>>> print(open('upload17.txt').read())   # compact mmCIF, C-alpha atoms and all ligand atoms
# COMPACT_ATOMS: atom_id res chain seq x y z
CA MET I 727 -9.11 -24.47 13.30
CA THR I 728 -5.70 -26.10 13.71
CA GLN I 729 -4.44 -25.79 10.13
CA ALA I 730 -2.68 -22.61 9.05
CA PRO I 731 -4.50 -20.97 6.12
CA ASN I 732 -2.95 -20.99 2.66
CA VAL I 733 -2.28 -17.32 1.92
CA HIS I 734 -0.38 -17.83 -1.32
CA ASP I 735 -2.95 -19.28 -3.72
CA ALA I 736 -4.83 -16.69 -5.76
CA GLU I 737 -8.59 -16.79 -6.33
CA PRO I 738 -9.79 -18.90 -9.26
CA ILE I 739 -10.00 -16.92 -12.51
CA PRO I 740 -13.69 -16.13 -13.29
CA GLU I 741 -15.40 -18.71 -15.45
CA ALA I 742 -16.10 -16.09 -18.15
CA ALA I 743 -12.39 -16.05 -19.03
CA ARG I 744 -12.48 -19.70 -20.16
CA ALA I 745 -14.77 -19.26 -23.16
CA GLU I 746 -12.77 -16.27 -24.36
CA ILE I 747 -9.44 -18.10 -23.95
CA ASP I 748 -10.87 -21.08 -25.82
CA ARG I 749 -11.96 -18.78 -28.64
CA LEU I 750 -8.47 -17.26 -28.80
CA LEU I 751 -6.83 -20.68 -28.80
CA GLN I 752 -9.15 -21.81 -31.62
CA SER I 753 -8.39 -18.82 -33.81
CA GLY I 754 -4.76 -18.44 -32.74
CA ASP I 755 -5.46 -14.70 -32.48
CA LEU I 756 -3.06 -13.93 -29.62
CA PHE I 757 -1.33 -10.76 -30.85
CA ARG I 758 -3.02 -7.48 -29.99
CA TYR I 759 -2.55 -5.94 -33.43
CA THR I 760 -3.80 -8.83 -35.61
CA ALA I 761 -7.53 -8.08 -35.45
CA PRO I 762 -8.62 -4.95 -37.33
CA GLN I 763 -10.37 -3.71 -34.19
CA ASP I 764 -11.66 -4.64 -30.73
CA ALA I 765 -8.82 -7.01 -29.82
CA PRO I 766 -9.09 -8.15 -26.17
CA VAL I 767 -6.14 -5.89 -25.23
CA SER I 768 -7.85 -2.85 -26.79
CA LEU I 769 -11.12 -3.69 -25.03
CA LEU I 770 -9.25 -4.03 -21.72
CA GLU I 771 -7.70 -0.59 -22.25
CA ARG I 772 -11.08 0.97 -22.91
CA GLU I 773 -12.69 -0.77 -19.92
CA PHE I 774 -9.82 0.06 -17.56
CA ALA I 775 -9.76 3.74 -18.62
CA ALA I 776 -13.52 3.93 -18.00
CA PHE I 777 -13.13 2.12 -14.64
CA MET I 778 -10.50 4.65 -13.55
CA GLY I 779 -12.16 7.69 -15.12
CA SER I 780 -9.00 8.34 -17.16
CA THR I 781 -8.88 9.47 -20.79
CA TYR I 782 -6.28 6.89 -21.87
CA ALA I 783 -4.98 3.49 -20.80
CA LEU I 784 -2.11 1.48 -22.29
CA ALA I 785 -1.78 -2.20 -21.37
CA VAL I 786 1.78 -3.56 -21.28
CA SER I 787 3.78 -6.57 -20.09
CA SER I 788 4.25 -5.45 -16.44
CA CYS I 789 4.01 -2.51 -14.07
CA SER I 790 7.79 -2.20 -14.40
CA ALA I 791 7.33 -1.74 -18.15
CA ALA I 792 4.65 0.89 -17.48
CA LEU I 793 7.00 2.79 -15.13
CA PHE I 794 9.84 2.57 -17.66
CA LEU I 795 7.64 3.81 -20.53
CA SER I 796 6.29 6.63 -18.33
CA LEU I 797 9.81 7.86 -17.64
CA LYS I 798 10.79 7.56 -21.32
CA ALA I 799 7.62 9.39 -22.41
CA LEU I 800 8.50 12.28 -20.09
CA GLY I 801 11.51 12.80 -22.34
CA LEU I 802 13.98 12.85 -19.44
CA PRO I 803 17.61 13.28 -20.49
CA ARG I 804 20.19 10.60 -19.67
CA GLY I 805 21.21 10.86 -16.02
CA ALA I 806 18.09 12.84 -14.98
CA ARG I 807 17.46 12.50 -11.25
CA VAL I 808 14.22 10.76 -10.28
CA LEU I 809 13.06 10.98 -6.67
CA ILE I 810 11.60 7.72 -5.29
CA PRO I 811 10.74 6.52 -1.78
CA GLY I 812 13.40 4.53 0.09
CA PHE I 813 10.76 1.89 0.85
CA THR I 814 9.40 0.27 -2.28
CA PHE I 815 9.93 -2.82 -4.42
CA ALA I 816 13.24 -3.11 -6.33
CA ALA I 817 11.23 -2.81 -9.57
CA VAL I 818 10.95 0.96 -8.98
CA PRO I 819 14.66 1.93 -8.83
CA SER I 820 15.20 -0.70 -11.56
CA SER I 821 12.77 1.03 -13.93
CA VAL I 822 14.62 4.32 -13.29
CA VAL I 823 17.99 2.74 -14.09
CA HIS I 824 16.42 1.03 -17.15
CA ALA I 825 15.36 4.50 -18.39
CA ASP I 826 19.00 5.71 -18.03
CA CYS I 827 18.04 7.95 -15.10
CA GLN I 828 19.46 8.22 -11.59
CA PRO I 829 17.28 7.11 -8.65
CA VAL I 830 17.39 9.49 -5.66
CA LEU I 831 15.92 8.03 -2.47
CA CYS I 832 13.94 9.85 0.20
CA GLU I 833 13.11 8.77 3.74
CA VAL I 834 9.96 6.82 4.61
CA GLY I 835 8.47 7.02 8.10
CA GLU I 836 7.34 4.37 10.58
CA ASP I 837 3.91 4.45 8.94
CA TYR I 838 5.44 3.27 5.60
CA ARG I 839 4.62 6.60 3.95
CA ILE I 840 6.92 9.20 2.40
CA ASP I 841 8.50 11.50 4.98
CA ILE I 842 7.26 14.83 3.63
CA GLU I 843 9.98 16.86 5.35
CA ASP I 844 12.77 14.83 3.73
CA PHE I 845 10.85 14.74 0.41
CA THR I 846 10.61 18.55 0.46
CA LYS I 847 14.32 18.90 1.10
CA ARG I 848 15.34 16.49 -1.67
CA LEU I 849 12.97 18.01 -4.20
CA ASN I 850 15.41 20.92 -4.34
CA GLU I 851 18.28 18.62 -5.35
CA ASN I 852 17.87 18.98 -9.12
CA ILE I 853 15.01 16.48 -9.40
CA ALA I 854 13.48 15.99 -12.87
CA ALA I 855 10.63 13.64 -11.99
CA VAL I 856 9.06 11.87 -9.00
CA ILE I 857 7.76 8.33 -8.69
CA VAL I 858 5.41 8.04 -5.72
CA SER I 859 5.29 4.37 -4.86
CA HIS I 860 2.22 3.53 -2.79
CA MET I 861 4.11 0.63 -1.22
CA ARG I 862 1.83 -2.23 -0.14
CA GLY I 863 -1.02 0.17 -0.92
CA HIS I 864 -0.06 2.70 1.79
CA THR I 865 -0.87 6.12 0.38
CA SER I 866 1.49 8.98 1.15
CA ASP I 867 0.12 12.50 1.66
CA MET I 868 -0.84 13.19 -1.96
CA ASP I 869 -2.03 16.74 -1.18
CA ALA I 870 1.41 17.72 0.11
CA ILE I 871 3.26 15.83 -2.66
CA MET I 872 1.19 17.30 -5.52
CA ALA I 873 1.39 20.83 -4.09
CA LEU I 874 5.19 20.60 -3.79
CA CYS I 875 5.69 19.00 -7.22
CA ASP I 876 3.28 21.39 -8.95
CA ALA I 877 5.11 24.34 -7.37
CA HIS I 878 8.41 23.00 -8.77
CA ASP I 879 6.79 21.94 -12.08
CA ILE I 880 7.99 18.37 -11.54
CA PRO I 881 5.91 15.54 -13.09
CA VAL I 882 4.62 12.81 -10.76
CA ILE I 883 4.33 9.16 -11.77
CA GLU I 884 2.22 7.05 -9.41
CA ASP I 885 3.38 3.48 -8.87
CA ALA I 886 -0.03 2.13 -7.98
CA ALA I 887 0.94 -1.55 -8.45
CA HIS I 888 -0.64 -2.37 -5.12
CA SER I 889 -3.28 0.37 -5.01
CA LEU I 890 -6.00 -0.66 -7.43
CA GLY I 891 -9.22 0.42 -5.70
CA THR I 892 -7.56 2.78 -3.22
CA LEU I 893 -9.02 6.28 -2.86
CA TRP I 894 -7.40 9.51 -1.69
CA ASP I 895 -9.97 12.13 -0.68
CA GLY I 896 -12.45 10.32 -2.93
CA ARG I 897 -10.09 10.32 -5.95
CA LYS I 898 -8.74 7.10 -7.42
CA ILE I 899 -5.08 6.44 -6.71
CA GLY I 900 -3.24 6.32 -10.03
CA THR I 901 -5.22 9.28 -11.44
CA ILE I 902 -3.74 12.01 -9.25
CA GLY I 903 -0.26 12.25 -10.80
CA LYS I 904 0.46 12.76 -14.50
CA VAL I 905 0.44 9.00 -15.04
CA GLY I 906 -0.51 5.99 -12.91
CA CYS I 907 0.94 2.47 -13.29
CA PHE I 908 -0.69 -0.79 -12.17
CA SER I 909 0.39 -4.44 -12.06
CA PHE I 910 -1.48 -7.65 -12.92
CA GLN I 911 1.23 -9.89 -11.47
CA SER I 912 -0.18 -12.72 -9.36
CA TYR I 913 0.31 -11.08 -5.96
CA LYS I 914 -1.79 -8.02 -6.87
CA LEU I 915 -5.54 -7.47 -6.67
CA VAL I 916 -6.09 -8.54 -10.30
CA ASN I 917 -4.05 -11.58 -11.32
CA ALA I 918 -2.96 -12.47 -14.84
CA GLY I 919 0.39 -13.95 -13.83
CA GLU I 920 2.07 -11.02 -15.56
CA GLY I 921 0.87 -7.73 -17.01
CA GLY I 922 0.60 -4.03 -16.33
CA ILE I 923 -1.31 -0.95 -17.42
CA MET I 924 -0.80 2.80 -17.32
CA VAL I 925 -3.46 5.52 -17.23
CA THR I 926 -3.14 9.21 -18.09
CA ASP I 927 -5.11 12.15 -19.48
CA ASP I 928 -2.08 13.37 -21.46
CA ALA I 929 -2.35 12.65 -25.20
CA ASP I 930 1.28 13.48 -25.97
CA LEU I 931 2.56 11.19 -23.19
CA VAL I 932 0.34 8.24 -24.08
CA ALA I 933 1.12 8.55 -27.81
CA GLN I 934 4.82 8.19 -27.08
CA ALA I 935 4.25 5.30 -24.66
CA VAL I 936 2.02 3.50 -27.20
CA ILE I 937 4.67 3.71 -29.91
CA MET I 938 7.53 2.72 -27.60
CA SER I 939 5.48 -0.19 -26.21
CA GLY I 940 5.68 -1.68 -29.72
CA ALA I 941 2.95 -0.13 -31.90
CA TYR I 942 5.12 -0.23 -35.02
CA GLU I 943 4.14 1.32 -38.37
CA HIS I 944 0.53 2.51 -38.08
CA ASN I 945 -0.61 0.15 -35.34
CA TRP I 946 -1.16 3.22 -33.18
CA ALA I 947 -4.36 3.71 -35.18
CA LYS I 948 -5.82 0.81 -33.17
CA HIS I 949 -5.46 2.99 -30.06
CA MET I 950 -7.73 5.67 -31.49
CA ALA I 951 -11.27 5.36 -30.15
CA GLY I 952 -13.36 7.94 -31.95
CA ASP I 953 -12.39 11.45 -32.86
CA ASP I 954 -9.40 12.69 -30.83
CA PRO I 955 -7.46 15.40 -32.70
CA ALA I 956 -4.95 15.85 -29.84
CA LEU I 957 -4.06 12.15 -29.89
CA ALA I 958 -4.01 11.98 -33.71
CA SER I 959 -1.58 14.88 -33.95
CA ALA I 960 0.59 13.42 -31.17
CA PHE I 961 0.87 10.11 -33.07
CA ALA I 962 1.73 12.01 -36.26
CA ARG I 963 4.36 14.00 -34.39
CA TRP I 964 6.06 10.91 -32.92
CA GLN I 965 5.80 8.54 -35.90
CA ASN I 966 9.25 6.98 -36.60
CA LYS I 967 10.90 9.19 -33.95
CA LEU I 968 10.97 6.68 -31.08
CA PRO I 969 12.52 3.26 -30.42
CA LEU I 970 10.16 0.28 -30.13
CA TYR I 971 10.80 -1.59 -26.89
CA ASN I 972 8.08 -4.21 -27.49
CA LEU I 973 6.56 -4.42 -24.03
CA ARG I 974 3.10 -5.40 -25.25
CA LEU I 975 0.45 -7.47 -23.47
CA SER I 976 -0.93 -10.54 -25.26
CA ASN I 977 -4.63 -11.15 -25.88
CA LEU I 978 -4.50 -14.10 -23.46
CA GLY I 979 -3.44 -11.78 -20.62
CA ALA I 980 -6.27 -9.38 -21.45
CA ALA I 981 -8.78 -12.25 -21.55
CA ILE I 982 -7.75 -13.25 -18.02
CA ILE I 983 -7.84 -9.68 -16.70
CA ARG I 984 -11.10 -8.37 -18.18
CA PRO I 985 -13.60 -10.48 -16.21
CA GLN I 986 -11.70 -9.73 -12.98
CA LEU I 987 -12.37 -5.98 -13.18
CA ALA I 988 -15.94 -6.63 -12.04
CA GLU I 989 -14.51 -8.43 -8.98
CA VAL I 990 -12.44 -5.44 -7.85
CA PRO I 991 -15.10 -3.74 -5.64
CA ARG I 992 -15.73 -7.01 -3.75
CA ARG I 993 -12.02 -7.74 -3.33
CA VAL I 994 -11.45 -4.19 -2.09
CA ARG I 995 -14.33 -4.40 0.39
CA ASP I 996 -13.31 -7.84 1.73
CA GLY I 997 -9.60 -7.04 1.76
CA ARG I 998 -10.21 -3.87 3.78
CA ALA I 999 -12.54 -5.63 6.24
CA ASN I 1000 -10.03 -8.48 6.72
CA HIS I 1001 -7.18 -6.05 7.24
CA ASP I 1002 -9.04 -3.88 9.72
CA TYR I 1003 -10.23 -6.93 11.68
CA VAL I 1004 -6.70 -8.34 12.07
CA ALA I 1005 -5.23 -4.86 12.70
CA GLU I 1006 -7.59 -4.29 15.62
CA ARG I 1007 -6.58 -7.60 17.18
CA LEU I 1008 -2.83 -7.03 16.69
CA ASN I 1009 -3.11 -3.59 18.26
CA THR I 1010 -4.24 -5.23 21.53
CA SER I 1011 -0.63 -6.42 21.99
CA PRO I 1012 1.90 -4.04 23.56
CA PHE I 1013 4.52 -5.55 21.18
CA LEU I 1014 2.69 -5.06 17.87
CA HIS I 1015 1.52 -1.85 16.23
CA VAL I 1016 -0.42 -1.35 13.01
CA PRO I 1017 0.00 2.33 12.08
CA PRO I 1018 -3.33 4.03 11.30
CA LYS I 1019 -4.14 5.05 7.74
CA LEU I 1020 -4.16 8.73 6.80
CA ALA I 1021 -7.51 10.50 7.21
CA LYS I 1022 -8.10 11.02 3.47
CA GLU I 1023 -7.23 7.46 2.53
CA ASP I 1024 -9.64 4.57 1.75
CA ARG I 1025 -7.40 1.53 1.49
CA ALA I 1026 -7.60 -1.66 -0.60
CA PRO I 1027 -5.16 -3.97 1.23
CA ASP I 1028 -4.39 -7.61 0.47
CA SER I 1029 -1.70 -7.87 3.13
CA ILE I 1030 -0.96 -6.37 6.53
CA GLN I 1031 2.10 -4.48 7.76
CA PHE I 1032 2.84 -3.84 11.41
CA ASN I 1033 5.79 -2.79 13.56
CA LEU I 1034 7.41 -4.71 16.39
CA VAL I 1035 7.45 -2.39 19.40
CA ASP I 1036 10.56 -2.32 21.58
CA LEU I 1037 11.78 -5.72 20.41
CA SER I 1038 15.50 -6.38 20.02
CA ASP I 1039 16.95 -7.87 16.81
CA ASP I 1040 17.01 -11.27 18.51
CA GLU I 1041 13.42 -10.95 19.61
CA ALA I 1042 12.37 -9.83 16.11
CA ARG I 1043 14.02 -12.91 14.62
CA HIS I 1044 12.47 -15.13 17.26
CA PHE I 1045 9.05 -13.62 16.49
CA ALA I 1046 9.26 -14.53 12.78
CA GLU I 1047 10.48 -18.04 13.67
CA ALA I 1048 7.73 -18.59 16.24
CA ALA I 1049 5.06 -17.49 13.72
CA ALA I 1050 6.56 -19.71 11.00
CA ALA I 1051 6.62 -22.69 13.36
CA ARG I 1052 2.83 -22.26 13.72
CA GLY I 1053 2.42 -22.01 9.94
CA VAL I 1054 2.15 -18.22 9.45
CA LYS I 1055 4.90 -16.67 7.35
CA VAL I 1056 5.91 -13.16 8.38
CA GLN I 1057 8.78 -11.25 6.90
CA VAL I 1058 10.56 -8.59 8.90
CA PHE I 1059 11.52 -6.52 5.83
CA GLY I 1060 15.01 -5.58 6.97
CA GLN I 1061 15.88 -8.90 8.63
CA SER I 1062 15.23 -11.32 5.79
CA THR I 1063 18.28 -11.90 3.60
CA ASP I 1064 18.32 -10.24 0.18
CA ASN I 1065 14.87 -8.67 0.64
CA ALA I 1066 14.04 -6.80 -2.59
CA ARG I 1067 12.24 -4.10 -0.56
CA ALA I 1068 15.32 -3.17 1.52
CA PHE I 1069 17.11 -0.25 -0.13
CA TRP I 1070 20.59 -1.51 0.85
CA ASN I 1071 20.02 -4.45 -1.51
CA TRP I 1072 19.57 -2.11 -4.50
CA GLN I 1073 23.30 -2.20 -5.17
CA PHE I 1074 22.72 -1.72 -8.92
CA ILE I 1075 22.04 2.01 -8.31
CA PRO I 1076 25.06 3.91 -9.63
CA GLY I 1077 27.04 6.06 -7.20
CA PRO I 1078 27.58 5.92 -3.45
CA ALA I 1079 25.19 3.71 -1.48
CA PRO I 1080 22.35 5.87 -0.11
CA GLU I 1081 21.85 5.98 3.63
CA LEU I 1082 18.40 6.56 5.08
CA PRO I 1083 18.52 6.09 8.86
CA ARG I 1084 14.79 6.50 9.45
CA THR I 1085 13.80 4.13 6.68
CA ARG I 1086 16.40 1.61 7.82
CA ALA I 1087 15.11 1.71 11.41
CA MET I 1088 11.55 1.21 10.17
CA LEU I 1089 12.56 -1.75 7.94
CA MET I 1090 14.29 -3.49 10.86
CA ARG I 1091 10.99 -3.66 12.80
CA ALA I 1092 8.33 -3.62 10.07
CA CYS I 1093 6.60 -6.93 9.33
CA ASP I 1094 4.79 -8.10 6.25
CA CYS I 1095 2.07 -10.75 6.23
CA ARG I 1096 -0.18 -11.71 3.32
CA LEU I 1097 -3.92 -11.41 3.89
CA PRO I 1098 -5.82 -12.20 0.68
CA ALA I 1099 -9.42 -11.00 0.39
CA ARG I 1100 -10.74 -14.57 0.14
CA LEU I 1101 -9.79 -15.51 3.76
CA THR I 1102 -12.56 -16.53 6.17
CA ARG I 1103 -13.07 -15.18 9.68
CA ASP I 1104 -11.65 -18.43 11.12
CA GLU I 1105 -8.55 -18.10 9.01
CA LEU I 1106 -8.12 -14.46 10.05
CA ASP I 1107 -8.48 -15.49 13.69
CA PHE I 1108 -5.82 -18.14 13.20
CA ILE I 1109 -3.40 -15.59 11.74
CA ALA I 1110 -4.12 -12.91 14.36
CA LEU I 1111 -3.81 -15.36 17.28
CA THR I 1112 -0.61 -16.82 15.86
CA LEU I 1113 0.98 -13.38 15.57
CA LEU I 1114 -0.12 -12.41 19.09
CA ASP I 1115 1.24 -15.68 20.52
CA ALA I 1116 4.47 -15.39 18.55
CA ALA I 1117 5.07 -11.88 19.94
CA GLN I 1118 4.44 -13.12 23.47
CA ASP I 1119 6.77 -16.07 22.85
CA ALA I 1120 9.52 -13.96 21.37
CA VAL I 1121 9.56 -11.48 24.21
CA GLY I 1122 8.95 -14.04 26.97
CA GLY I 1123 11.43 -16.56 25.59
CA VAL I 1124 14.27 -14.20 24.83
CA ARG I 1125 13.88 -12.11 27.99
CA ALA I 1126 13.56 -15.14 30.28
CA TYR I 1127 16.35 -17.25 28.83
CA GLY I 1128 18.48 -14.68 27.05
CA THR I 1129 18.72 -16.75 23.87
C1 LIG I 1201 4.62 -5.62 -7.81
C2 LIG I 1201 5.10 -4.22 -7.71
C3 LIG I 1201 5.79 -3.61 -8.78
C4 LIG I 1201 6.19 -4.35 -10.02
O1 LIG I 1201 5.11 -4.87 -10.76
P1 LIG I 1201 5.44 -5.87 -11.97
O2 LIG I 1201 4.14 -5.94 -12.71
O3 LIG I 1201 5.84 -7.18 -11.38
O4 LIG I 1201 6.53 -5.27 -12.78
C5 LIG I 1201 6.17 -2.30 -8.63
N1 LIG I 1201 5.89 -1.60 -7.51
C6 LIG I 1201 5.25 -2.14 -6.46
C7 LIG I 1201 4.96 -1.32 -5.26
C8 LIG I 1201 4.83 -3.48 -6.52
O5 LIG I 1201 4.21 -4.02 -5.47
>>> encode(input="upload17.txt", output="structure tokens", more="lines below")
Ligand SMILES: *Cc1c(COP(=O)(O)O)cnc(C)c1O
Amino acid sequence: MTQAPNVHDAEPIPEAARAEIDRLLQSGDLFRYTAPQDAPVSLLEREFAAFMGSTYALAVSSCSAALFLSLKALGLPRGARVLIPGFTFAAVPSSVVHADCQPVLCEVGEDYRIDIEDFTKRLNENIAAVIVSHMRGHTSDMDAIMALCDAHDIPVIEDAAHSLGTLWDGRKIGTIGKVGCFSFQSYKLVNAGEGGIMVTDDADLVAQAVIMSGAYEHNWAKHMAGDDPALASAFARWQNKLPLYNLRLSNLGAAIIRPQLAEVPRRVRDGRANHDYVAERLNTSPFLHVPPKLAKEDRAPDSIQFNLVDLSDDEARHFAEAAAARGVKVQVFGQSTDNARAFWNWQFIPGPAPELPRTRAMLMRACDCRLPARLTRDELDFIALTLLDAAQDAVGGVRAYGT
């Protein structure tokens, strides 16, 4: 193979979605609360809750909206401090600011996971809630995090945007904290262009989130499946007490998502096999290192992250350029301008700019490369070989000629 694989196109949407979309276009029934019951969004919620083994699911316009509603539904006062990892997507601190809370950042190690020592220390700094962001699907030590947060009685929100299908000690990521949030944006495992969903077992929390998501008047009744006195009394308690932020999902989004849920196990299996195959090849280079997963983690990756070992800034830049010249796009998180995953670009966070030396050092050498589940062995070989050659080039070229 001489052509670089296309890693940006998503998989085609399953054929089953077409008939349903056509039906919706015919009837014009696009709003989730028009039908008396069984709207596509409601069916998606029921199917997703069952898929996750959660009591409740609420589909919304994005994972950011789900994170925002989770924070609001926790009833945090204005200015409450929310602990988040220093390595995540800008959507996470943004959702905290959107909820009128203050993001507090903790260090992330070279393996892209929360530094438990730093997390422990910061948990004592008047923290009201924690968002664990499983960045790029890397799962932090959930045993340690839950034990610490439970001991402090601090609620945990899981940002599982990139962790659909990931397991921790056999449990589904997104169901370990009080609430789990997922994304259906195009670069995630299930693609609807836009969309998000939250899962929880907490009736009081979901009732608030449902109302705030835009279930005005008595539309919350369409979230009641069967007899659920706890949920019914929570809706009664919160009726007319909460603002309506209108962050709903449309029936079209649900129609695109529903048939993809059946594809998740295959995408997880193929994504993991692809990742592990490329990881093993990259780890043969003295200049590249893919950190191992944690023992209790079963991953569901659709991209690969690796660190450049003992490369200078120049060599790191040269590496990305050499890979790009061969058609493989790699981002060194901290070296690409305006990267939304570099904490120093989150300048919208109120107060003094946070400094996280460990996280910064990691970001300056950590690389990101897309690896969708649909890639063939040949395409994986092309990517792995390109990265190995680019590393050799970068080190050879820069060290020989001092460019
Ligand atoms: C994509 C992503 C988000 C945001 O999801 P949206 O649905 O686009 O709002 C949040 N966190 C992480 C880790 C993500 O990868």
>>> residues_around(input="upload17.txt", residues="range 862-868 of chain I", least_positions_apart="3", cutoff="8 Å", atoms="only C-alpha atoms", output="list of chain:residue names")
I:Tyr838, I:Arg839, I:Ile840, I:Ile842, I:Val858, I:Ile871, I:Met872, I:Ala886, I:Ala887, I:His888, I:Ser889, I:Thr892, I:Trp894, I:Ile902, I:Lys1019, I:Leu1020, I:Glu1023, I:Arg1025, I:Ala1026, I:Pro1027, I:Ser1029
>>> write_last_selection(input="upload17.txt", atoms="C-alpha atoms", output="mmCIF file, keeping the file's coordinate frame")
data_model
loop_
_atom_site.group_PDB
_atom_site.id
_atom_site.type_symbol
_atom_site.label_atom_id
_atom_site.label_comp_id
_atom_site.auth_asym_id
_atom_site.auth_seq_id
_atom_site.Cartn_x
_atom_site.Cartn_y
_atom_site.Cartn_z
ATOM 1 C CA TYR I 838 5.440 3.270 5.600
ATOM 2 C CA ARG I 839 4.620 6.600 3.950
ATOM 3 C CA ILE I 840 6.920 9.200 2.400
ATOM 4 C CA ILE I 842 7.260 14.830 3.630
ATOM 5 C CA VAL I 858 5.410 8.040 -5.720
ATOM 6 C CA ILE I 871 3.260 15.830 -2.660
ATOM 7 C CA MET I 872 1.190 17.300 -5.520
ATOM 8 C CA ALA I 886 -0.030 2.130 -7.980
ATOM 9 C CA ALA I 887 0.940 -1.550 -8.450
ATOM 10 C CA HIS I 888 -0.640 -2.370 -5.120
ATOM 11 C CA SER I 889 -3.280 0.370 -5.010
ATOM 12 C CA THR I 892 -7.560 2.780 -3.220
ATOM 13 C CA TRP I 894 -7.400 9.510 -1.690
ATOM 14 C CA ILE I 902 -3.740 12.010 -9.250
ATOM 15 C CA LYS I 1019 -4.140 5.050 7.740
ATOM 16 C CA LEU I 1020 -4.160 8.730 6.800
ATOM 17 C CA GLU I 1023 -7.230 7.460 2.530
ATOM 18 C CA ARG I 1025 -7.400 1.530 1.490
ATOM 19 C CA ALA I 1026 -7.600 -1.660 -0.600
ATOM 20 C CA PRO I 1027 -5.160 -3.970 1.230
ATOM 21 C CA SER I 1029 -1.700 -7.870 3.130
#
>>> residues_around(input="upload17.txt", residues="Cys907 in chain I", least_positions_apart="5", cutoff="7 Å", atoms="only C-alpha atoms", output="number ranges by chain")
I: 789, 792-793, 884-887, 900, 923-925
>>> write_last_selection(input="upload17.txt", atoms="C-alpha atoms", output="mmCIF file, in the coordinates of the input")
data_model
loop_
_atom_site.group_PDB
_atom_site.id
_atom_site.type_symbol
_atom_site.label_atom_id
_atom_site.label_comp_id
_atom_site.auth_asym_id
_atom_site.auth_seq_id
_atom_site.Cartn_x
_atom_site.Cartn_y
_atom_site.Cartn_z
ATOM 1 C CA CYS I 789 4.010 -2.510 -14.070
ATOM 2 C CA ALA I 792 4.650 0.890 -17.480
ATOM 3 C CA LEU I 793 7.000 2.790 -15.130
ATOM 4 C CA GLU I 884 2.220 7.050 -9.410
ATOM 5 C CA ASP I 885 3.380 3.480 -8.870
ATOM 6 C CA ALA I 886 -0.030 2.130 -7.980
ATOM 7 C CA ALA I 887 0.940 -1.550 -8.450
ATOM 8 C CA GLY I 900 -3.240 6.320 -10.030
ATOM 9 C CA ILE I 923 -1.310 -0.950 -17.420
ATOM 10 C CA MET I 924 -0.800 2.800 -17.320
ATOM 11 C CA VAL I 925 -3.460 5.520 -17.230
#
>>> residues_near_ligand(input="upload17.txt", ligand="ligand LIG 1201 (chain I)", cutoff="6 Å", atoms="only C-alpha atoms and all ligand atoms", output="ChimeraX atom specification")
/I:788-790,814-815,817-818,859,861,885,887-888,909-911,921-922
>>> residues_around(input="upload17.txt", residues="Cys875 in chain I", least_positions_apart="3", cutoff="10 Å", atoms="only C-alpha atoms", output="PDB file with C-alpha atoms, in the frame of the given file")
ATOM      1  CA  THR I 846      10.610  18.550   0.460  1.00  0.00           C
ATOM      2  CA  LEU I 849      12.970  18.010  -4.200  1.00  0.00           C
ATOM      3  CA  ILE I 853      15.010  16.480  -9.400  1.00  0.00           C
ATOM      4  CA  ALA I 855      10.630  13.640 -11.990  1.00  0.00           C
ATOM      5  CA  VAL I 856       9.060  11.870  -9.000  1.00  0.00           C
ATOM      6  CA  ALA I 870       1.410  17.720   0.110  1.00  0.00           C
ATOM      7  CA  ILE I 871       3.260  15.830  -2.660  1.00  0.00           C
ATOM      8  CA  MET I 872       1.190  17.300  -5.520  1.00  0.00           C
ATOM      9  CA  HIS I 878       8.410  23.000  -8.770  1.00  0.00           C
ATOM     10  CA  ASP I 879       6.790  21.940 -12.080  1.00  0.00           C
ATOM     11  CA  ILE I 880       7.990  18.370 -11.540  1.00  0.00           C
ATOM     12  CA  PRO I 881       5.910  15.540 -13.090  1.00  0.00           C
ATOM     13  CA  VAL I 882       4.620  12.810 -10.760  1.00  0.00           C
ATOM     14  CA  GLY I 903      -0.260  12.250 -10.800  1.00  0.00           C
TER      15      GLY I 903
END
>>> atom_distance(input="upload17.txt", atom1="CA of Lys948 in chain I", atom2="CA of Ala743 in chain I")
23.0 Å
>>> residues_around(input="upload17.txt", residues="Val936 in chain I", least_positions_apart="6", cutoff="10 Å", atoms="all atoms listed in the file", output="list in words")
Ala783, Leu784, Ala785, Val786, Leu795, Ala799, Tyr942, Asn945, Trp946, His949, Phe961, Leu970, Asn972, Leu973 and Arg974 of chain I
>>> atom_distance(input="upload17.txt", atom1="CA of Cys1093 in chain I", atom2="CA of Leu1014 in chain I")
9.6 Å
>>> closest_residue(input="upload17.txt", among="I:Ala958, I:Val916, I:Val733, I:Ala951", to="Glu1105 in chain I", atoms="all atoms listed in the file")
I:Val733
>>> residues_around(input="upload17.txt", residues="Ala1110 in chain I", least_positions_apart="2", cutoff="12 Å", atoms="only C-alpha atoms", output="number ranges by chain")
I: 730-731, 1000-1011, 1014, 1030, 1032, 1049, 1052, 1054, 1056, 1095-1097, 1103-1108, 1112-1117
>>> residues_near_point(input="upload17.txt", point="(14.1, -5.5, 10.0)", cutoff="12 Å", atoms="all atoms listed in the file", output="number ranges by chain")
I: 836, 1032-1035, 1037-1043, 1045-1046, 1056-1065, 1067-1070, 1085-1094
>>> closest_residue(input="upload17.txt", among="I:Gly835, I:Gly997, I:Gly896, I:Gly906", to="Pro1017 in chain I", atoms="only C-alpha atoms")
I:Gly835
>>> closest_residue(input="upload17.txt", among="I:Leu978, I:Ile883, I:Ala816, I:Leu797", to="Arg744 in chain I", atoms="only C-alpha atoms")
I:Leu978
>>> atom_distance(input="upload17.txt", atom1="CA of Glu920 in chain I", atom2="CA of Val994 in chain I")
20.3 Å
